[in-house]
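Enquirer: You'll find target.cif just under this line, and it carries mmCIF, C-alpha atoms and all ligand atoms.
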```cif
data_coords
#
loop_
_atom_site.label_atom_id
_atom_site.label_comp_id
_atom_site.auth_asym_id
_atom_site.auth_seq_id
_atom_site.Cartn_x
_atom_site.Cartn_y
_atom_site.Cartn_z
CA MET R 27 -24.13 -10.48 -2.63
CA SER R 28 -22.51 -7.41 -1.06
CA GLU R 29 -18.96 -7.61 0.21
CA PRO R 30 -18.54 -8.65 3.86
CA LEU R 31 -17.21 -6.14 6.40
CA LEU R 32 -13.82 -7.85 6.26
CA SER R 33 -12.82 -9.81 3.22
CA VAL R 34 -9.65 -11.90 3.24
CA ASP R 35 -8.54 -13.25 -0.13
CA GLU R 36 -5.61 -15.56 -0.80
CA LEU R 37 -3.67 -14.15 2.14
CA GLU R 38 -0.06 -15.35 2.08
CA VAL R 39 2.58 -14.64 4.69
CA THR R 40 6.18 -15.77 4.20
CA PHE R 41 9.01 -15.30 6.70
CA ARG R 42 12.62 -15.41 5.61
CA THR R 43 14.60 -17.41 8.16
CA GLU R 44 18.17 -18.72 8.30
CA ASP R 45 16.88 -22.07 7.09
CA GLY R 46 14.82 -20.71 4.24
CA ALA R 47 11.38 -19.34 3.56
CA VAL R 48 8.58 -20.28 5.96
CA ARG R 49 5.17 -19.88 4.38
CA ALA R 50 3.19 -19.52 7.63
CA VAL R 51 -0.08 -18.59 5.94
CA ASP R 52 -0.87 -19.99 2.53
CA ARG R 53 -3.73 -18.65 0.42
CA VAL R 54 -6.15 -18.17 3.29
CA SER R 55 -9.54 -16.74 2.31
CA PHE R 56 -12.56 -15.98 4.46
CA GLY R 57 -15.06 -13.24 5.12
CA LEU R 58 -16.45 -11.66 8.27
CA GLU R 59 -19.89 -10.06 8.23
CA ARG R 60 -20.96 -7.28 10.56
CA GLY R 61 -21.85 -8.68 13.97
CA GLU R 62 -20.59 -12.14 13.11
CA VAL R 63 -18.30 -14.41 15.15
CA VAL R 64 -15.84 -16.47 13.14
CA SER R 65 -13.62 -18.91 14.99
CA ILE R 66 -10.27 -20.16 13.72
CA VAL R 67 -9.13 -23.50 15.13
CA GLY R 68 -6.18 -25.80 14.51
CA GLU R 69 -3.08 -27.23 16.12
CA SER R 70 -0.23 -25.15 17.46
CA GLY R 71 1.88 -23.65 14.67
CA CYS R 72 -0.76 -23.89 11.94
CA GLY R 73 -0.73 -20.12 11.34
CA LYS R 74 -3.63 -18.77 13.41
CA SER R 75 -1.75 -15.94 15.12
CA VAL R 76 0.13 -14.98 11.97
CA THR R 77 -3.19 -14.81 10.11
CA ALA R 78 -4.69 -12.63 12.85
CA MET R 79 -1.73 -10.28 13.02
CA SER R 80 -1.60 -9.95 9.25
CA LEU R 81 -5.18 -8.71 9.20
CA MET R 82 -3.97 -5.74 11.23
CA GLY R 83 -0.84 -5.26 9.12
CA LEU R 84 1.32 -6.38 12.02
CA THR R 85 3.45 -8.97 10.25
CA GLU R 86 4.90 -6.74 7.56
CA GLY R 87 8.61 -6.18 8.09
CA PRO R 88 12.01 -6.70 6.53
CA ASN R 89 11.87 -10.49 6.95
CA ALA R 90 8.26 -10.99 6.07
CA SER R 91 6.31 -10.67 2.89
CA VAL R 92 2.56 -10.52 2.81
CA GLY R 93 0.55 -11.21 -0.31
CA GLY R 94 -3.09 -11.46 -1.22
CA SER R 95 -5.74 -9.09 -0.04
CA VAL R 96 -7.43 -7.97 3.19
CA ARG R 97 -10.24 -5.50 2.55
CA LEU R 98 -12.07 -3.66 5.29
CA ASP R 99 -15.26 -2.21 3.86
CA GLY R 100 -13.61 -2.36 0.46
CA GLN R 101 -10.40 -0.64 1.58
CA GLU R 102 -7.23 -2.65 0.86
CA LEU R 103 -5.00 -3.12 3.89
CA VAL R 104 -2.25 -5.35 2.46
CA GLY R 105 0.55 -3.01 1.48
CA ALA R 106 -1.33 0.02 2.81
CA ASP R 107 0.83 2.86 4.17
CA GLY R 108 1.49 3.33 7.89
CA GLU R 109 -0.97 6.17 8.20
CA THR R 110 -3.84 4.12 6.77
CA LEU R 111 -3.02 1.19 9.05
CA ARG R 112 -2.72 3.37 12.16
CA ALA R 113 -6.11 4.86 11.39
CA VAL R 114 -7.64 1.39 11.14
CA ARG R 115 -5.89 -0.22 14.12
CA GLY R 116 -7.74 0.18 17.34
CA ASP R 117 -10.28 2.38 15.69
CA ARG R 118 -12.05 -0.01 13.35
CA MET R 119 -10.28 -3.25 14.13
CA ALA R 120 -8.65 -4.09 17.45
CA MET R 121 -6.77 -7.09 18.73
CA VAL R 122 -6.45 -8.92 22.01
CA PHE R 123 -3.09 -10.66 21.78
CA GLN R 124 -2.20 -14.19 22.84
CA ASN R 125 0.24 -12.76 25.38
CA PRO R 126 -1.48 -10.05 27.51
CA MET R 127 1.78 -8.26 28.14
CA THR R 128 2.12 -7.58 24.39
CA SER R 129 -0.34 -4.75 24.67
CA LEU R 130 -0.06 -3.67 28.30
CA ASN R 131 2.94 -1.59 29.25
CA PRO R 132 4.22 -2.66 32.70
CA VAL R 133 5.39 0.84 33.66
CA HIS R 134 2.12 2.68 33.11
CA ARG R 135 -1.10 2.56 35.07
CA ILE R 136 -3.89 0.71 33.27
CA GLY R 137 -6.22 3.71 33.14
CA ASN R 138 -3.53 5.97 31.71
CA GLN R 139 -2.75 3.44 29.00
CA ILE R 140 -6.36 3.46 27.88
CA VAL R 141 -6.41 7.27 28.06
CA GLU R 142 -3.29 7.48 25.84
CA GLN R 143 -4.82 5.13 23.31
CA ILE R 144 -8.04 7.18 23.18
CA ARG R 145 -6.21 10.51 22.92
CA ALA R 146 -3.92 9.22 20.17
CA HIS R 147 -7.01 8.80 18.00
CA ARG R 148 -9.60 11.22 19.37
CA ASP R 149 -9.58 14.89 20.14
CA VAL R 150 -10.70 14.62 23.78
CA GLY R 151 -9.38 15.97 27.06
CA LYS R 152 -7.65 13.80 29.69
CA ARG R 153 -10.60 13.96 32.02
CA GLU R 154 -13.10 12.84 29.43
CA ALA R 155 -10.80 10.06 28.24
CA MET R 156 -10.33 8.84 31.83
CA ASP R 157 -14.10 8.78 32.35
CA ARG R 158 -14.33 6.64 29.25
CA ALA R 159 -11.50 4.35 30.47
CA VAL R 160 -13.27 3.80 33.80
CA GLU R 161 -16.56 3.19 32.02
CA LEU R 162 -14.86 0.57 29.82
CA LEU R 163 -13.15 -1.17 32.73
CA ASP R 164 -16.49 -1.29 34.46
CA ALA R 165 -18.18 -2.62 31.32
CA VAL R 166 -15.71 -5.52 31.07
CA GLY R 167 -16.32 -6.43 34.71
CA VAL R 168 -13.35 -4.91 36.55
CA PRO R 169 -14.71 -4.22 40.05
CA ASP R 170 -14.13 -0.75 41.57
CA ALA R 171 -13.08 0.43 38.14
CA GLU R 172 -12.31 3.98 39.20
CA GLU R 173 -9.90 2.74 41.83
CA ARG R 174 -8.46 -0.10 39.71
CA ALA R 175 -7.74 2.23 36.79
CA ARG R 176 -4.86 3.52 38.92
CA SER R 177 -3.29 0.03 39.15
CA TYR R 178 -0.30 -1.20 37.20
CA PRO R 179 -0.70 -4.33 35.05
CA HIS R 180 1.27 -6.51 37.52
CA GLU R 181 -1.24 -5.62 40.24
CA PHE R 182 -3.98 -7.29 38.22
CA SER R 183 -4.70 -11.03 38.26
CA GLY R 184 -4.56 -12.90 34.94
CA GLY R 185 -8.31 -12.65 34.45
CA MET R 186 -8.37 -8.93 35.30
CA ARG R 187 -5.45 -8.27 32.96
CA GLN R 188 -7.33 -10.02 30.18
CA ARG R 189 -10.34 -7.79 30.89
CA ALA R 190 -8.12 -4.73 30.87
CA MET R 191 -6.81 -5.79 27.46
CA ILE R 192 -10.32 -6.18 26.18
CA ALA R 193 -11.22 -2.75 27.61
CA MET R 194 -8.18 -1.31 25.84
CA ALA R 195 -9.16 -3.02 22.59
CA LEU R 196 -12.68 -1.61 22.88
CA SER R 197 -11.59 1.90 23.79
CA LEU R 198 -12.14 3.29 20.30
CA ASP R 199 -15.34 1.34 19.75
CA PRO R 200 -14.04 -0.88 16.91
CA GLU R 201 -16.30 -2.79 14.55
CA ILE R 202 -14.06 -5.86 14.66
CA LEU R 203 -12.33 -7.50 17.60
CA ILE R 204 -9.65 -10.09 16.91
CA ALA R 205 -9.15 -12.21 20.01
CA ASP R 206 -6.19 -14.60 19.94
CA GLU R 207 -6.62 -17.24 22.64
CA PRO R 208 -8.13 -14.70 25.04
CA THR R 209 -8.81 -17.27 27.73
CA THR R 210 -6.05 -19.85 27.46
CA ALA R 211 -4.12 -18.84 30.56
CA LEU R 212 -7.21 -18.48 32.74
CA ASP R 213 -9.06 -20.86 34.99
CA VAL R 214 -12.36 -22.27 33.82
CA THR R 215 -14.64 -19.88 35.73
CA ILE R 216 -12.83 -16.78 34.51
CA GLN R 217 -12.72 -18.25 30.99
CA ALA R 218 -16.49 -18.58 31.03
CA GLN R 219 -16.86 -14.97 32.20
CA ILE R 220 -14.59 -13.63 29.45
CA ILE R 221 -16.46 -15.60 26.80
CA GLU R 222 -19.76 -14.36 28.19
CA LEU R 223 -18.38 -10.83 27.97
CA LEU R 224 -17.39 -11.30 24.31
CA ARG R 225 -20.82 -12.71 23.58
CA LYS R 226 -22.49 -9.74 25.25
CA LEU R 227 -20.38 -7.26 23.26
CA ASN R 228 -21.23 -9.16 20.12
CA ARG R 229 -24.97 -9.11 20.82
CA GLU R 230 -25.29 -5.65 22.33
CA ARG R 231 -22.84 -3.67 20.22
CA GLY R 232 -22.91 -5.81 17.10
CA LEU R 233 -19.17 -6.29 17.50
CA ALA R 234 -17.81 -8.67 14.86
CA VAL R 235 -15.30 -11.10 16.39
CA ILE R 236 -12.54 -13.29 15.02
CA LEU R 237 -11.85 -15.73 17.81
CA ILE R 238 -8.82 -17.97 17.88
CA THR R 239 -9.05 -20.74 20.43
CA HIS R 240 -8.07 -24.32 21.20
CA ASP R 241 -11.25 -24.75 23.16
CA LEU R 242 -14.01 -26.39 21.15
CA GLY R 243 -16.49 -25.74 23.96
CA VAL R 244 -15.89 -22.02 23.52
CA VAL R 245 -16.29 -22.31 19.76
CA ALA R 246 -19.60 -24.13 20.22
CA GLU R 247 -20.85 -21.42 22.56
CA ILE R 248 -20.04 -18.37 20.56
CA ALA R 249 -19.10 -18.97 16.91
CA ASP R 250 -21.38 -18.48 13.92
CA ARG R 251 -18.80 -19.88 11.55
CA VAL R 252 -15.64 -21.93 11.92
CA ALA R 253 -12.44 -22.14 9.87
CA VAL R 254 -10.17 -25.13 10.49
CA MET R 255 -6.52 -24.49 9.67
CA TYR R 256 -3.83 -27.05 8.98
CA ALA R 257 -0.21 -26.26 8.09
CA GLY R 258 -0.92 -22.70 6.97
CA ARG R 259 -4.10 -23.44 5.07
CA ILE R 260 -7.82 -23.58 5.70
CA VAL R 261 -8.86 -27.20 5.20
CA GLU R 262 -12.53 -26.83 6.12
CA THR R 263 -14.91 -23.98 6.76
CA GLY R 264 -18.63 -23.63 7.28
CA SER R 265 -21.27 -22.70 9.81
CA LEU R 266 -20.78 -23.96 13.36
CA ASP R 267 -23.37 -26.69 12.84
CA GLU R 268 -21.88 -27.77 9.52
CA VAL R 269 -18.39 -28.11 10.89
CA PHE R 270 -19.37 -29.64 14.24
CA TYR R 271 -22.20 -31.94 13.18
CA ASP R 272 -21.22 -32.73 9.62
CA PRO R 273 -17.42 -32.36 9.57
CA ARG R 274 -16.07 -33.19 6.12
CA HIS R 275 -12.29 -33.22 6.44
CA PRO R 276 -10.44 -36.10 8.16
CA TYR R 277 -8.37 -33.51 10.01
CA THR R 278 -11.54 -32.01 11.48
CA TRP R 279 -12.68 -35.51 12.43
CA GLY R 280 -9.38 -35.86 14.25
CA LEU R 281 -9.76 -32.53 16.05
CA LEU R 282 -13.27 -33.33 17.15
CA GLY R 283 -11.87 -36.60 18.47
CA SER R 284 -15.03 -38.60 18.27
CA VAL R 285 -18.21 -38.42 16.28
CA PRO R 286 -20.25 -35.66 17.92
CA ARG R 287 -23.79 -36.74 18.59
CA VAL R 288 -26.52 -34.21 18.05
CA GLY R 289 -27.43 -32.89 21.48
CA GLY R 290 -24.70 -35.03 23.03
CA GLU R 291 -21.54 -34.02 24.84
CA ARG R 292 -18.85 -32.60 22.63
CA PRO R 293 -15.18 -32.75 23.46
CA ARG R 294 -13.98 -29.42 24.86
CA ARG R 295 -10.38 -29.67 23.83
CA LEU R 296 -8.89 -30.41 20.47
CA ALA R 297 -8.07 -34.09 20.38
CA GLN R 298 -4.50 -35.23 19.91
CA ILE R 299 -3.85 -36.56 16.47
CA GLU R 300 -1.00 -38.99 15.92
CA GLY R 301 2.06 -37.62 14.21
CA GLN R 302 3.24 -34.09 13.62
CA PRO R 303 2.15 -31.41 11.19
CA PRO R 304 4.61 -30.98 8.30
CA SER R 305 7.34 -28.38 8.40
CA LEU R 306 6.35 -25.13 6.77
CA LEU R 307 9.91 -24.75 5.50
CA ASN R 308 9.59 -27.49 2.91
CA PRO R 309 5.95 -28.48 2.99
CA PRO R 310 5.02 -31.67 1.15
CA SER R 311 3.26 -31.42 -2.17
CA GLY R 312 -0.39 -32.42 -2.42
CA CYS R 313 -2.68 -32.60 0.58
CA ARG R 314 -0.66 -31.48 3.59
CA PHE R 315 -2.53 -33.81 5.93
CA ARG R 316 -1.94 -36.93 3.87
CA ALA R 317 1.01 -38.28 5.90
CA ARG R 318 -1.24 -38.39 8.99
CA CYS R 319 -4.48 -39.22 7.25
CA PRO R 320 -5.75 -42.77 7.63
CA HIS R 321 -7.78 -42.39 4.43
CA ALA R 322 -5.09 -41.03 2.11
CA PHE R 323 -5.05 -42.50 -1.41
CA ASN R 324 -3.28 -41.74 -4.68
CA MET R 325 -5.33 -38.61 -5.47
CA CYS R 326 -3.95 -36.97 -2.33
CA GLU R 327 -0.58 -36.47 -4.01
CA SER R 328 -2.14 -33.51 -5.73
CA GLU R 329 -3.55 -30.63 -3.76
CA PRO R 330 -7.33 -30.45 -3.38
CA GLU R 331 -8.92 -26.98 -3.67
CA LEU R 332 -11.06 -25.51 -0.88
CA ILE R 333 -14.50 -25.88 -2.46
CA ALA R 334 -18.06 -27.00 -1.71
CA ARG R 335 -18.09 -30.74 -2.35
CA GLY R 336 -21.55 -31.57 -1.09
CA GLU R 337 -24.54 -29.39 -1.78
CA PRO R 338 -23.68 -25.92 -3.11
CA GLY R 339 -23.13 -23.45 -0.27
CA ASP R 340 -20.50 -22.17 2.14
CA HIS R 341 -19.43 -25.49 3.62
CA LEU R 342 -16.04 -25.93 1.97
CA ASP R 343 -13.27 -28.48 2.36
CA ARG R 344 -9.95 -29.56 0.88
CA CYS R 345 -10.31 -33.32 0.58
CA TRP R 346 -10.51 -35.74 -2.32
CA LEU R 347 -12.58 -38.40 -0.54
CA GLU R 348 -15.90 -39.17 -2.16
CA ILE R 349 -18.45 -37.07 -0.31
CA ALA R 350 -20.95 -39.94 -0.02
CA GLU R 351 -18.35 -42.19 1.63
CA ARG R 352 -17.26 -39.74 4.27
CA PRO R 353 -19.90 -40.39 6.95
CA VAL R 354 -18.96 -44.09 6.93
CA LEU R 355 -15.22 -43.40 7.01
CA ARG R 356 -15.68 -40.96 9.86
CA GLU R 357 -17.51 -43.49 11.97
CA LEU R 358 -14.77 -46.10 11.80
CA PRO R 359 -13.56 -46.68 15.36
CA SER R 360 -10.82 -44.19 16.13
CA GLY R 361 -8.37 -47.03 16.85
CA GLN R 362 -8.74 -48.12 13.27
CA ILE R 363 -8.21 -44.69 11.83
CA GLY R 364 -5.29 -43.78 14.04
CA LEU R 365 -6.85 -40.77 15.74
CA GLY R 366 -6.45 -40.01 19.41
CA VAL R 367 -9.09 -39.63 22.04
CA PRO R 368 -10.15 -36.27 23.50
CA THR R 369 -7.65 -35.09 26.05
CA SER R 370 -10.14 -33.82 28.58
N1 LIG O 1 8.45 -14.03 12.78
C1 LIG O 1 8.48 -15.29 12.37
N2 LIG O 1 9.53 -15.79 11.70
C2 LIG O 1 9.56 -17.07 11.27
N3 LIG O 1 8.56 -17.94 11.46
C3 LIG O 1 7.50 -17.52 12.14
C4 LIG O 1 7.39 -16.18 12.64
N4 LIG O 1 6.19 -16.05 13.28
C5 LIG O 1 5.60 -17.26 13.18
N5 LIG O 1 6.37 -18.14 12.50
C6 LIG O 1 6.03 -19.53 12.18
O1 LIG O 1 4.80 -19.52 11.52
C7 LIG O 1 4.04 -20.66 11.88
C8 LIG O 1 2.67 -20.23 12.37
O2 LIG O 1 2.80 -19.58 13.63
P1 LIG O 1 1.56 -19.05 14.46
O3 LIG O 1 2.13 -18.29 15.60
O4 LIG O 1 0.62 -18.36 13.57
O5 LIG O 1 0.90 -20.40 14.96
P2 LIG O 1 -0.46 -20.58 15.80
O6 LIG O 1 -1.39 -21.36 14.96
O7 LIG O 1 -0.89 -19.27 16.32
O8 LIG O 1 0.06 -21.52 16.98
P3 LIG O 1 -0.34 -21.51 18.56
O9 LIG O 1 -1.60 -22.31 18.65
O10 LIG O 1 0.81 -22.22 19.20
O11 LIG O 1 -0.49 -20.10 19.01
C9 LIG O 1 4.84 -21.42 12.90
O12 LIG O 1 5.51 -22.47 12.23
C10 LIG O 1 5.81 -20.39 13.40
O13 LIG O 1 7.01 -21.00 13.82
MG MG O 2 -0.98 -18.43 18.18
#
```
In structure tokens, what does this structure look like?

Expert:
Amino acid sequence: MSEPLLSVDELEVTFRTEDGAVRAVDRVSFGLERGEVVSIVGESGCGKSVTAMSLMGLTEGPNASVGGSVRLDGQELVGADGETLRAVRGDRMAMVFQNPMTSLNPVHRIGNQIVEQIRAHRDVGKREAMDRAVELLDAVGVPDAEERARSYPHEFSGGMRQRAMIAMALSLDPEILIADEPTTALDVTIQAQIIELLRKLNRERGLAVILITHDLGVVAEIADRVAVMYAGRIVETGSLDEVFYDPRHPYTWGLLGSVPRVGGERPRRLAQIEGQPPSLLNPPSGCRFRARCPHAFNMCESEPELIARGEPGDHLDRCWLEIAERPVLRELPSGQIGLGVPTS
């Protein structure tokens, strides 16, 4: 099989802090094909944003060390020099950050910011770049784009700012868009519009998307594949249907909150699971979920690998439970297995 567009292998990110080393991302591997949407889900602090930023080379610094490999079309990005990374960022791979103000400068007009970004990478005049900026703002659904291009970020509503960020991210026509919680701060109607926009870009331009979200409804609408992260690691990954209709890992069962029925209503939000994820400063040995897992047994003291445990294929999980027993265990009433109910 040929290599995917983006290939992440054993990615490791460690931060040095006053209390010690925090391994925020621990041997994370996944691939992204052209035109594919991969969604990363998991509780707060499990390493989603750090994973996303590391793909763009944005976590490297004096207090961070990044290991493993991120290859874009075969080109290694981990440890690549600044010039290589600048050429890739925005141009081939762009990011919509969790906090919109990370990428919008409050003192510059939106249109000019997009123009600057285009002209930093392309040999085009101001006029041409502004035409492109207006075209992009229009494409992402900013009304009166020509007029609104002259606005400052604070003059935009949350939803419009999010669109402006997406327009900015798309300004160099990247092959990959990394969207970190692009709709979290928005009301439901605007959320739906932003997701529809991402879906349209995916279908019409073949844009490959890595989408980080807490919203399982969004995942169900747009993702081709899903990676579930827990405490810095992927604990389950597979196609949308595999992970939603045949979840294998007790943590995924917890997130889904209740057994999803085929064709039935799925919970939109990640369910609350009793207890807290372990500290990434001194993570426990073995399966990291075992302290919260109602099914933990002696095997769980050693760490399970992320492998296919059912039929051969791409549905992988990190759990020692006998594969044949899992459907029965999953269907135990949630009270019995200590998992919460969906929050909304
Ligand atoms: N610069 C840093 N220095 C030290 N620790 C960090 C740093 N950045 C992130 N972390 C830690 O790494 C872990 C993963 O953080 P990350 O932001 O990736 O979580 P997340 O899954 O995106 O969470 P959320 O859903 O809340 O956005 C957390 O424990 C966080 O405290
Ligand atoms: Mg985050």

Enquirer: Find the residues near segment 198-200 of chain R: any atom within 8 Å, counting all atoms listed in the file, skip ones fewer than 6 places away on the same chain, and give them as a ChimeraX atom specification.

Expert: /R:116-120,144,147,233

Enquirer: Output the neighbourhood of ligand LIG 1 (chain O) as a VMD selection string, that is, all protein and nucleic acid residues with some atom at most 10 Å from the ligand, counting only C-alpha atoms and all ligand atoms.

Expert: chain R and resid 39 to 51 66 to 80 85 to 87 89 to 90 124 to 125 206 to 207 238 to 240 255 to 258 303 to 307

Enquirer: Could you give me, as an NGL selection string, the residues that have an atom at most 9 Å away from the point (-6.1, -4.3, 5.3) in the coordinates of the file, using all atoms listed in the file?

Expert: :R and (32-34 or 80-83 or 95-98 or 101-106 or 110-111 or 114)

Enquirer: Using all atoms listed in the file for the distances, tell me which of R:Leu37, R:Val354, R:Ala322, R:Val122 is nearest to ligand MG 2 (chain O).

Expert: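 Once distances to ligand MG 2 (chain O) are computed over all atoms listed in the file, the minimum belongs to R:Val122.
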
Enquirer: Grab the atom CA of Ile248 of chain R to atom CA of Val54 of chain R distance for me, in Å with one decimal place.

Expert: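 Atom CA of Ile248 of chain R sits 22.2 Å away from atom CA of Val54 of chain R.
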
Enquirer: Which residue gives the smallest distance to ligand MG 2 (chain O) among R:Ala195, R:Thr210, R:Gly108, R:Arg316, with only C-alpha atoms and all ligand atoms counted?

Expert: R:Thr210

Enquirer: I'd like the interatomic distance between atom CA of Leu212 of chain R and atom CA of Asp164 of chain R, to a tenth of an Å.

Expert: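 These two atoms are separated by 19.6 Å.
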
Enquirer: Rounded to one decimal, what separation in Å do you get between atom CA of Val92 of chain R and atom CA of Ser265 of chain R?

Expert: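 Here the two named atoms are 27.7 Å from each other.
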
Enquirer: When distances are computed from all atoms listed in the file, which of R:Val160, R:Gly264, R:Ala205, R:Phe182 shows the smallest separation from ligand MG 2 (chain O)?

Expert: R:Ala205

Enquirer: Find the residue from R:Glu351, R:His180, R:Glu36, R:Phe123 that sits nearest to ligand MG 2 (chain O); use all atoms listed in the file when measuring.

Expert: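 Looking only at the distances to ligand MG 2 (chain O), the closest residue turns out to be R:Phe123.
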
Enquirer: May I ask which of the residues R:Leu237, R:Val261, R:Leu281, R:Ala317 is the closest one to ligand MG 2 (chain O), counting all atoms listed in the file?

Expert: R:Leu237

Enquirer: With all atoms listed in the file counted, which protein, DNA or RNA residues have an atom no more than 9 Å from (-12.8, -25.8, -2.2) in the file frame? Please answer as a ChimeraX atom specification.

Expert: /R:261-262,330-335,341-345

Enquirer: Nearest to ligand MG 2 (chain O) among R:Pro310, R:Gly61, R:Ile349, R:Pro208, with distances taken over only C-alpha atoms and all ligand atoms: which residue is it?

Expert: R:Pro208

Enquirer: Give me, as a PyMOL selection string, all polymer residues having an atom no more than 10 Å from Val168 of chain R, counting only C-alpha atoms and skipping those fewer than 2 positions away in the same chain.

Expert: chain R and resi 160-166+170-175+182+185-187+189-190+193
